[in-house]
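**Q** File follows, data09.tsv with TSV, C-alpha atoms and all ligand atoms:
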```
chain	number	residue	atom	x	y	z
A	112	MET	CA	-5.44	-65.27	-35.90
A	113	ILE	CA	-2.41	-65.66	-33.71
A	114	LYS	CA	-1.48	-62.20	-32.53
A	115	GLN	CA	0.83	-62.99	-29.73
A	116	ASN	CA	3.10	-60.24	-28.52
A	117	ILE	CA	6.73	-61.20	-28.15
A	118	LYS	CA	8.68	-59.40	-25.43
A	119	LEU	CA	11.65	-57.34	-26.58
A	120	ASN	CA	14.83	-56.81	-24.54
A	121	ASP	CA	13.94	-53.12	-23.94
A	122	GLY	CA	10.60	-53.93	-22.28
A	123	ASN	CA	8.42	-53.23	-25.34
A	124	SER	CA	6.74	-56.01	-27.30
A	125	ILE	CA	6.16	-56.86	-30.96
A	126	PRO	CA	3.19	-58.68	-32.55
A	127	ASN	CA	4.50	-61.95	-33.96
A	128	ILE	CA	2.73	-61.53	-37.33
A	129	GLY	CA	3.02	-58.43	-39.49
A	130	LEU	CA	2.44	-57.38	-43.07
A	131	GLY	CA	5.59	-56.85	-45.12
A	132	VAL	CA	5.20	-54.33	-47.97
A	133	PHE	CA	8.47	-55.01	-49.83
A	134	LYS	CA	8.15	-54.44	-53.60
A	135	MET	CA	4.73	-52.78	-53.33
A	136	THR	CA	3.89	-49.51	-55.05
A	137	ASN	CA	2.43	-46.73	-52.90
A	138	GLU	CA	-1.05	-47.65	-54.13
A	139	GLU	CA	-0.54	-51.35	-53.35
A	140	ALA	CA	0.98	-50.58	-49.94
A	141	GLU	CA	-1.95	-48.34	-49.05
A	142	ALA	CA	-4.54	-50.96	-50.00
A	143	ALA	CA	-2.60	-53.84	-48.42
A	144	THR	CA	-1.98	-51.96	-45.16
A	145	TYR	CA	-5.64	-51.06	-44.87
A	146	ALA	CA	-6.68	-54.64	-45.73
A	147	ALA	CA	-4.25	-56.06	-43.18
A	148	ILE	CA	-5.46	-53.82	-40.37
A	149	SER	CA	-9.07	-54.64	-41.31
A	150	ALA	CA	-8.17	-58.35	-41.10
A	151	GLY	CA	-6.71	-57.93	-37.61
A	152	TYR	CA	-3.02	-57.27	-38.26
A	153	ARG	CA	-1.46	-54.75	-35.90
A	154	HIS	CA	2.08	-54.81	-37.26
A	155	ILE	CA	3.26	-53.28	-40.56
A	156	ASP	CA	6.84	-53.44	-41.86
A	157	THR	CA	8.14	-50.96	-44.46
A	158	ALA	CA	11.48	-49.29	-45.28
A	159	ALA	CA	12.73	-46.06	-46.82
A	160	ILE	CA	14.14	-47.96	-49.81
A	161	TYR	CA	10.74	-49.53	-50.60
A	162	GLN	CA	9.60	-46.04	-51.62
A	163	ASN	CA	6.12	-46.79	-50.32
A	164	GLU	CA	6.15	-45.16	-46.89
A	165	GLU	CA	3.60	-42.58	-48.15
A	166	GLY	CA	1.20	-45.31	-49.26
A	167	THR	CA	1.74	-47.31	-46.11
A	168	GLY	CA	1.05	-44.18	-44.07
A	169	ARG	CA	-2.13	-43.49	-46.02
A	170	GLY	CA	-3.38	-47.03	-45.29
A	171	ILE	CA	-2.67	-46.51	-41.59
A	172	ALA	CA	-4.34	-43.09	-41.58
A	173	ARG	CA	-7.46	-44.47	-43.24
A	174	ALA	CA	-7.76	-47.31	-40.71
A	175	ILE	CA	-7.34	-44.87	-37.83
A	176	LYS	CA	-9.81	-42.37	-39.33
A	177	GLU	CA	-12.41	-45.09	-39.74
A	178	GLY	CA	-11.96	-46.09	-36.11
A	179	LEU	CA	-10.60	-49.58	-36.79
A	180	VAL	CA	-7.60	-48.91	-34.56
A	181	THR	CA	-5.75	-46.17	-32.73
A	182	ARG	CA	-2.12	-45.33	-33.41
A	183	GLU	CA	-1.20	-46.94	-30.09
A	184	ASP	CA	-2.71	-50.26	-31.25
A	185	LEU	CA	-0.27	-50.44	-34.15
A	186	PHE	CA	3.34	-51.51	-34.40
A	187	VAL	CA	5.04	-49.77	-37.33
A	188	THR	CA	8.59	-50.55	-38.48
A	189	THR	CA	10.72	-48.69	-40.98
A	190	LYS	CA	14.39	-48.90	-41.89
A	191	LEU	CA	17.43	-46.69	-42.48
A	192	TRP	CA	18.77	-47.11	-46.01
A	193	ASN	CA	22.49	-47.56	-46.71
A	194	ASN	CA	23.06	-44.15	-48.27
A	195	GLN	CA	21.87	-42.35	-45.12
A	196	GLN	CA	23.83	-44.26	-42.49
A	197	HIS	CA	25.76	-41.04	-41.79
A	198	GLU	CA	22.54	-39.06	-41.14
A	199	ALA	CA	20.11	-41.35	-39.35
A	200	ALA	CA	18.29	-38.49	-37.62
A	201	VAL	CA	17.58	-36.77	-40.93
A	202	ALA	CA	16.53	-40.08	-42.50
A	203	LEU	CA	14.10	-40.95	-39.70
A	204	ASP	CA	12.53	-37.48	-39.82
A	205	GLN	CA	12.03	-37.93	-43.57
A	206	SER	CA	10.49	-41.39	-43.04
A	207	LEU	CA	8.16	-40.05	-40.34
A	208	GLN	CA	7.07	-37.26	-42.62
A	209	ARG	CA	6.34	-39.70	-45.46
A	210	LEU	CA	4.48	-42.03	-43.09
A	211	GLY	CA	2.55	-39.14	-41.52
A	212	LEU	CA	3.54	-40.35	-38.04
A	213	ASP	CA	5.17	-38.75	-34.99
A	214	TYR	CA	7.10	-41.89	-34.10
A	215	VAL	CA	7.68	-45.42	-35.29
A	216	ASP	CA	7.64	-48.45	-33.04
A	217	LEU	CA	10.82	-49.91	-34.48
A	218	TYR	CA	13.65	-48.38	-36.51
A	219	LEU	CA	16.18	-50.73	-38.08
A	220	ILE	CA	19.55	-50.29	-39.77
A	221	HIS	CA	18.61	-52.05	-43.03
A	222	TRP	CA	22.03	-53.58	-43.91
A	223	PRO	CA	25.36	-53.37	-42.09
A	224	PHE	CA	27.19	-52.47	-45.34
A	225	ALA	CA	30.48	-53.10	-43.55
A	226	ALA	CA	32.52	-51.89	-46.54
A	227	GLN	CA	31.14	-48.40	-45.96
A	228	GLY	CA	32.27	-48.40	-42.31
A	229	GLN	CA	29.34	-46.37	-40.94
A	230	TYR	CA	27.09	-48.89	-39.16
A	231	LEU	CA	28.55	-48.29	-35.67
A	232	GLN	CA	27.98	-44.55	-35.88
A	233	ALA	CA	24.49	-45.25	-37.27
A	234	TRP	CA	23.78	-47.50	-34.27
A	235	LYS	CA	24.89	-44.74	-31.86
A	236	ASP	CA	22.55	-42.36	-33.70
A	237	LEU	CA	19.64	-44.82	-33.38
A	238	ILE	CA	20.28	-44.99	-29.62
A	239	ALA	CA	19.86	-41.19	-29.50
A	240	LEU	CA	16.70	-41.38	-31.65
A	241	LYS	CA	15.13	-43.81	-29.20
A	242	GLU	CA	16.03	-41.48	-26.32
A	243	ALA	CA	14.44	-38.61	-28.26
A	244	GLY	CA	11.19	-40.60	-28.61
A	245	LYS	CA	11.24	-40.75	-32.42
A	246	THR	CA	11.22	-44.53	-32.23
A	247	LYS	CA	10.07	-46.76	-29.38
A	248	SER	CA	12.62	-49.49	-30.11
A	249	ILE	CA	15.75	-49.91	-32.21
A	250	GLY	CA	17.19	-52.88	-34.00
A	251	VAL	CA	19.04	-54.07	-37.06
A	252	SER	CA	18.50	-56.11	-40.19
A	253	ASN	CA	20.86	-58.42	-42.06
A	254	PHE	CA	23.46	-58.22	-39.28
A	255	TYR	CA	25.68	-61.20	-38.43
A	256	PRO	CA	27.59	-62.08	-35.23
A	257	GLU	CA	30.78	-60.16	-36.04
A	258	VAL	CA	28.98	-56.82	-36.58
A	259	LEU	CA	26.46	-57.47	-33.80
A	260	ASP	CA	29.29	-58.15	-31.34
A	261	GLU	CA	30.98	-54.93	-32.38
A	262	ILE	CA	27.99	-52.60	-31.92
A	263	ILE	CA	27.01	-54.26	-28.64
A	264	ALA	CA	30.57	-54.05	-27.25
A	265	ALA	CA	30.92	-50.41	-28.29
A	266	THR	CA	27.59	-49.17	-26.89
A	267	GLY	CA	26.28	-51.73	-24.41
A	268	VAL	CA	22.94	-51.54	-26.24
A	269	VAL	CA	21.64	-54.80	-27.70
A	270	PRO	CA	19.35	-54.49	-30.76
A	271	VAL	CA	15.83	-55.69	-29.93
A	272	VAL	CA	15.58	-57.60	-33.22
A	273	ASN	CA	17.68	-58.70	-36.13
A	274	GLN	CA	15.48	-59.03	-39.21
A	275	ILE	CA	17.08	-61.57	-41.54
A	276	GLU	CA	16.24	-63.65	-44.59
A	277	LEU	CA	14.64	-66.76	-43.12
A	278	HIS	CA	12.36	-69.36	-44.69
A	279	PRO	CA	12.27	-73.16	-45.00
A	280	GLY	CA	15.10	-73.06	-47.56
A	281	LEU	CA	17.23	-70.97	-45.19
A	282	PRO	CA	16.31	-71.78	-41.57
A	283	GLN	CA	19.29	-69.84	-40.11
A	284	THR	CA	19.69	-72.27	-37.22
A	285	GLU	CA	23.08	-70.97	-36.03
A	286	LEU	CA	22.19	-67.30	-36.19
A	287	ARG	CA	18.94	-67.99	-34.31
A	288	ALA	CA	20.90	-69.69	-31.53
A	289	TYR	CA	23.25	-66.69	-31.34
A	290	HIS	CA	20.26	-64.30	-31.14
A	291	GLU	CA	18.74	-66.34	-28.34
A	292	GLN	CA	21.93	-66.06	-26.27
A	293	LYS	CA	21.89	-62.27	-26.71
A	294	GLN	CA	18.10	-61.85	-26.18
A	295	ILE	CA	17.65	-60.60	-29.73
A	296	VAL	CA	14.31	-61.51	-31.33
A	297	THR	CA	14.64	-63.00	-34.81
A	298	GLU	CA	12.38	-61.55	-37.49
A	299	SER	CA	12.01	-63.44	-40.79
A	300	TRP	CA	12.08	-61.51	-44.07
A	301	SER	CA	10.95	-63.21	-47.27
A	302	PRO	CA	9.34	-65.77	-44.95
A	303	LEU	CA	7.77	-67.57	-47.93
A	304	GLY	CA	11.06	-67.47	-49.85
A	305	GLN	CA	9.41	-64.78	-52.03
A	306	GLY	CA	6.83	-67.41	-52.90
A	307	GLN	CA	9.42	-69.97	-54.03
A	308	MET	CA	8.70	-72.31	-51.11
A	309	LEU	CA	4.99	-72.56	-51.79
A	310	ASP	CA	5.10	-75.49	-54.21
A	311	ASN	CA	7.65	-77.59	-52.35
A	312	THR	CA	6.21	-81.07	-51.88
A	313	VAL	CA	7.02	-81.25	-48.14
A	314	ILE	CA	4.81	-78.17	-47.79
A	315	THR	CA	2.07	-79.20	-50.22
A	316	ASP	CA	1.71	-82.63	-48.53
A	317	LEU	CA	1.00	-80.80	-45.27
A	318	CYS	CA	-1.58	-78.59	-47.02
A	319	THR	CA	-3.48	-81.72	-47.95
A	320	LYS	CA	-3.19	-83.20	-44.48
A	321	TYR	CA	-4.41	-80.07	-42.66
A	322	GLY	CA	-6.65	-78.54	-45.34
A	323	VAL	CA	-4.72	-75.25	-45.28
A	324	THR	CA	-2.71	-73.23	-47.82
A	325	ALA	CA	1.04	-73.54	-48.36
A	326	ALA	CA	1.54	-70.03	-47.01
A	327	GLN	CA	-0.36	-70.99	-43.83
A	328	VAL	CA	1.89	-74.05	-43.33
A	329	ILE	CA	4.99	-71.88	-43.66
A	330	VAL	CA	3.69	-69.07	-41.43
A	331	ARG	CA	2.83	-71.70	-38.83
A	332	TRP	CA	6.39	-73.09	-39.07
A	333	HIS	CA	7.84	-69.63	-38.34
A	334	LEU	CA	5.54	-69.07	-35.39
A	335	GLN	CA	6.22	-72.49	-33.87
A	336	HIS	CA	9.92	-71.61	-34.04
A	337	GLY	CA	9.16	-68.47	-31.98
A	338	LEU	CA	9.96	-66.13	-34.86
A	339	VAL	CA	8.32	-62.86	-35.88
A	340	VAL	CA	7.02	-63.27	-39.42
A	341	ILE	CA	6.06	-60.64	-42.01
A	342	PRO	CA	4.60	-62.34	-45.10
A	343	LYS	CA	4.04	-60.03	-48.07
A	344	SER	CA	0.90	-60.11	-50.16
A	345	VAL	CA	-0.95	-57.51	-52.22
A	346	ASN	CA	-4.10	-59.62	-52.21
A	347	ALA	CA	-6.62	-58.93	-49.43
A	348	ALA	CA	-7.86	-62.54	-49.20
A	349	ARG	CA	-4.29	-63.88	-48.99
A	350	ILE	CA	-3.29	-61.20	-46.47
A	351	SER	CA	-6.13	-62.37	-44.26
A	352	SER	CA	-5.64	-66.13	-44.64
A	353	ASN	CA	-1.86	-65.89	-44.15
A	354	ALA	CA	-2.40	-64.78	-40.58
A	355	TYR	CA	-5.13	-67.24	-39.59
A	356	VAL	CA	-3.03	-70.25	-38.69
A	357	ASP	CA	-4.34	-71.21	-35.27
A	358	GLY	CA	-6.60	-74.03	-36.49
A	359	PHE	CA	-3.77	-76.58	-36.78
A	360	ALA	CA	-0.32	-77.36	-35.35
A	361	LEU	CA	2.71	-78.98	-36.96
A	362	THR	CA	4.22	-81.98	-35.18
A	363	ASP	CA	7.90	-81.98	-34.18
A	364	ALA	CA	8.65	-84.36	-37.06
A	365	GLU	CA	6.88	-82.05	-39.53
A	366	MET	CA	8.80	-79.03	-38.20
A	367	GLU	CA	12.06	-80.95	-38.72
A	368	ALA	CA	11.06	-82.02	-42.23
A	369	ILE	CA	10.44	-78.36	-43.13
A	370	ASP	CA	13.78	-77.35	-41.53
A	371	GLU	CA	15.49	-79.74	-43.90
A	372	ILE	CA	14.04	-78.43	-47.16
A	373	ALA	CA	16.91	-77.53	-49.46
A	374	GLY	CA	16.89	-74.06	-50.92
A	375	GLY	CA	19.26	-71.27	-50.06
A	376	ARG	CA	19.09	-67.50	-50.20
A	377	VAL	CA	16.66	-65.55	-52.36
A	378	GLY	CA	18.42	-62.30	-51.44
A	379	PRO	CA	22.06	-61.17	-51.13
A	380	ASP	CA	24.52	-62.46	-48.53
A	381	PRO	CA	24.94	-59.57	-46.08
A	382	GLN	CA	28.59	-60.47	-45.47
A	383	ALA	CA	29.31	-59.90	-49.17
A	384	TRP	CA	26.80	-57.19	-50.18
A	385	PRO	CA	26.75	-54.32	-50.83
A	386	THR	CA	30.27	-53.54	-51.96
A	387	LEU	CA	31.43	-49.95	-52.51
A	388	GLU	CA	30.90	-50.51	-56.26
A	389	ASP	CA	27.21	-51.41	-55.86
B	401	LIG	P1	1.02	-61.78	-53.85
B	401	LIG	O1	1.56	-60.47	-53.30
B	401	LIG	O2	0.52	-61.68	-55.25
B	401	LIG	O3	0.04	-62.43	-52.90
B	401	LIG	P2	7.59	-63.34	-49.14
B	401	LIG	O4	6.71	-62.86	-48.05
B	401	LIG	O5	8.45	-64.50	-48.78
B	401	LIG	O6	8.41	-62.22	-49.76
B	401	LIG	O7	6.65	-63.88	-50.32
B	401	LIG	C1	5.85	-63.00	-51.04
B	401	LIG	C2	5.36	-63.68	-52.29
B	401	LIG	O8	4.46	-64.74	-51.95
B	401	LIG	C3	4.59	-62.73	-53.18
B	401	LIG	O9	4.89	-63.05	-54.52
B	401	LIG	C4	3.14	-63.03	-52.84
B	401	LIG	O10	2.30	-62.78	-53.97
B	401	LIG	C5	3.18	-64.50	-52.55
B	401	LIG	N1	2.15	-64.91	-51.60
B	401	LIG	C6	1.92	-64.39	-50.37
B	401	LIG	N2	0.91	-65.03	-49.75
B	401	LIG	C7	0.48	-65.97	-50.62
B	401	LIG	C8	-0.54	-66.96	-50.58
B	401	LIG	N3	-1.31	-67.10	-49.51
B	401	LIG	N4	-0.69	-67.76	-51.68
B	401	LIG	C9	0.10	-67.61	-52.75
B	401	LIG	N5	1.07	-66.72	-52.85
B	401	LIG	C10	1.27	-65.89	-51.79
```
Could the structure of this file be written out as structure tokens, please?
Ligand code: A2P
**A**
Amino acid sequence: MIKQNIKLNDGNSIPNIGLGVFKMTNEEAEAATYAAISAGYRHIDTAAIYQNEEGTGRGIARAIKEGLVTREDLFVTTKLWNNQQHEAAVALDQSLQRLGLDYVDLYLIHWPFAAQGQYLQAWKDLIALKEAGKTKSIGVSNFYPEVLDEIIAATGVVPVVNQIELHPGLPQTELRAYHEQKQIVTESWSPLGQGQMLDNTVITDLCTKYGVTAAQVIVRWHLQHGLVVIPKSVNAARISSNAYVDGFALTDAEMEAIDEIAGGRVGPDPQAWPTLED
């Protein structure tokens, strides 16, 4: 398993593979979190809107109780939902209570929701929450250069990560280059394109060549690009195999071939969604 830690711009670091629990029920999130930690994962990514922070927290608590890990070994992320951008401190306290934790390692603004006009105030509130020790690091998700430039100019604080939709069908080359200039780590959500990339022939040809699964090829592609990747699976065997990708390496030509897979977004465009009507 590759469990490299990537340095963040605030001095902390983030494990480059994590378990994403998007779309899981509390029961699934509990089982998947426990399975992931048992398999060697140290990074779990949830969000208030997933409505599974309780289950995720129970999986963490079980792993700690059984002595698999300590709290300090783990990197736990959660996210501020759009309807609480005006009360980030309240929202984080509620998330911590649901998770059963005293702090998270990373707290993200989930979407800029520019139409609502609250993301800058939310960012200022996250800065205070980091100072208060409720979260070790702060970042954003689904932000784009215009809104990133604004929050950085207004506060002087650069998000440690921007977690964005990123997979072979949407390699986000320009945004990654922007992040690199600003020392923002790129995290990939829906890294497998919500599973839609798994039967692409560029990928399946590489499975045959290396004797690995399609998910392993794609996870490897993210890691070789220096990205943080959080594949989602409810299946313990897949959770484990998704993270064991150190037995092979993609060539430069194979990386480029994957970069060129046509696809597009599986989620909304953050510059257009949500609107005030949503
Ligand atoms: P499942 O949870 O049943 O394993 P993404 O991370 O891009 O959102 O993709 C998640 C989707 O990919 C889920 O439908 C998940 O299904 C599926 N998936 C994850 N890992 C694998 C795997 N190793 N083989 C097949 N499907 C996978």
**Q** Any idea what the distance is between atom CA of Glu367 of chain A and atom CA of Thr312 of chain A?
**A**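 That distance, rounded to one decimal, is 14.4 Å.
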**Q** Using all atoms listed in the file, pick whichever of A:Gly228, A:Gly378, A:Gly131, A:Gly322 has the shortest atom-to-atom distance to ligand LIG 401 (chain B).
**A**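 So, comparing all the options, the nearest one is A:Gly131.
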**Q** What residues of the protein or nucleic acid chains come within 6 Å of ligand LIG 401 (chain B) when you use only C-alpha atoms and all ligand atoms? Reply as a PyMOL selection string.
**A** chain A and resi 301-306+326+342-346+349+353
**Q** Go ahead and compute the interatomic distance for atom CA of Ser248 of chain A and atom CA of Ile275 of chain A, in Å to one decimal.
**A**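 Result for atom CA of Ser248 of chain A versus atom CA of Ile275 of chain A: 17.2 Å, one decimal.
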**Q** Using only C-alpha atoms, tabulate the residues of segment 142-162 of chain A lying at most 12 Å from any atom of segment 205-218 of chain A, each with its closest atom pair and that distance in Å to one decimal, by chain and increasing residue number, as a tab-separated table.
**A**
```
residue	atom	partner	partner_atom	distance
A:Arg153	CA	A:Asp216	CA	11.4
A:His154	CA	A:Asp216	CA	9.4
A:Ile155	CA	A:Asp216	CA	10.0
A:Asp156	CA	A:Leu217	CA	9.1
A:Thr157	CA	A:Leu210	CA	9.7
A:Ala158	CA	A:Ser206	CA	8.3
A:Ala159	CA	A:Ser206	CA	6.4
A:Ile160	CA	A:Ser206	CA	10.1
A:Tyr161	CA	A:Ser206	CA	11.1
A:Gln162	CA	A:Arg209	CA	9.4
```
**Q** Could you give me, as a short mmCIF file (atom, residue, chain, number, x, y, z; two decimals) with C-alpha atoms, in the coordinates of the input, the residues that have an atom at most 10 Å away from the point (14.3, -42.8, -30.8) in the coordinates of the file, using only C-alpha atoms?
**A**
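out.cif, freshly written:
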```cif
data_model
loop_
_atom_site.label_atom_id
_atom_site.label_comp_id
_atom_site.auth_asym_id
_atom_site.auth_seq_id
_atom_site.Cartn_x
_atom_site.Cartn_y
_atom_site.Cartn_z
CA ALA A 200 18.29 -38.49 -37.62
CA LEU A 203 14.10 -40.95 -39.70
CA TYR A 214 7.10 -41.89 -34.10
CA VAL A 215 7.68 -45.42 -35.29
CA ASP A 216 7.64 -48.45 -33.04
CA LEU A 217 10.82 -49.91 -34.48
CA TYR A 218 13.65 -48.38 -36.51
CA ASP A 236 22.55 -42.36 -33.70
CA LEU A 237 19.64 -44.82 -33.38
CA ILE A 238 20.28 -44.99 -29.62
CA ALA A 239 19.86 -41.19 -29.50
CA LEU A 240 16.70 -41.38 -31.65
CA LYS A 241 15.13 -43.81 -29.20
CA GLU A 242 16.03 -41.48 -26.32
CA ALA A 243 14.44 -38.61 -28.26
CA GLY A 244 11.19 -40.60 -28.61
CA LYS A 245 11.24 -40.75 -32.42
CA THR A 246 11.22 -44.53 -32.23
CA LYS A 247 10.07 -46.76 -29.38
CA SER A 248 12.62 -49.49 -30.11
CA ILE A 249 15.75 -49.91 -32.21
#
```
**Q** Give me the residues near segment 278-287 of chain A as an MDAnalysis selection string, where near means some atom within 8 Å (using only C-alpha atoms) and where sequence neighbours in that chain fewer than 4 positions away do not count.
**A** chainID A and resid 255:256 291 297 299:304 308 329 333 369:376
**Q** Go through A:Thr144, A:Thr136, A:Gln274, A:Ser252 one by one, measure the shortest atom-to-atom distance of each to Leu338 of chain A using only C-alpha atoms, and give the residue with the smallest value.
**A** A:Gln274
**Q** A:Ala288, A:Gln115, A:Gly151, A:Ala174: which is nearest Gln335 of chain A, counting all atoms listed in the file?
**A** A:Gln115
**Q** Which is closest to Asn193 of chain A among A:Leu309, A:Ala347, A:Ile220, A:Val258, if we use only C-alpha atoms?
**A**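 Comparing A:Leu309, A:Ala347, A:Ile220, A:Val258 against Asn193 of chain A, the winner is A:Ile220.
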**Q** For Ala264 of chain A, please output as a list of chain:residue names all residues within 12 Å (counting all atoms listed in the file; exclusion window: fewer than 5 positions along the same chain).
**A**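 Once the adjacent positions are removed, what remains is A:Leu231, A:Trp234, A:Lys235, A:Pro256, A:Glu257, A:Val258, A:Leu259, A:Val269, A:Pro270, A:Lys293.
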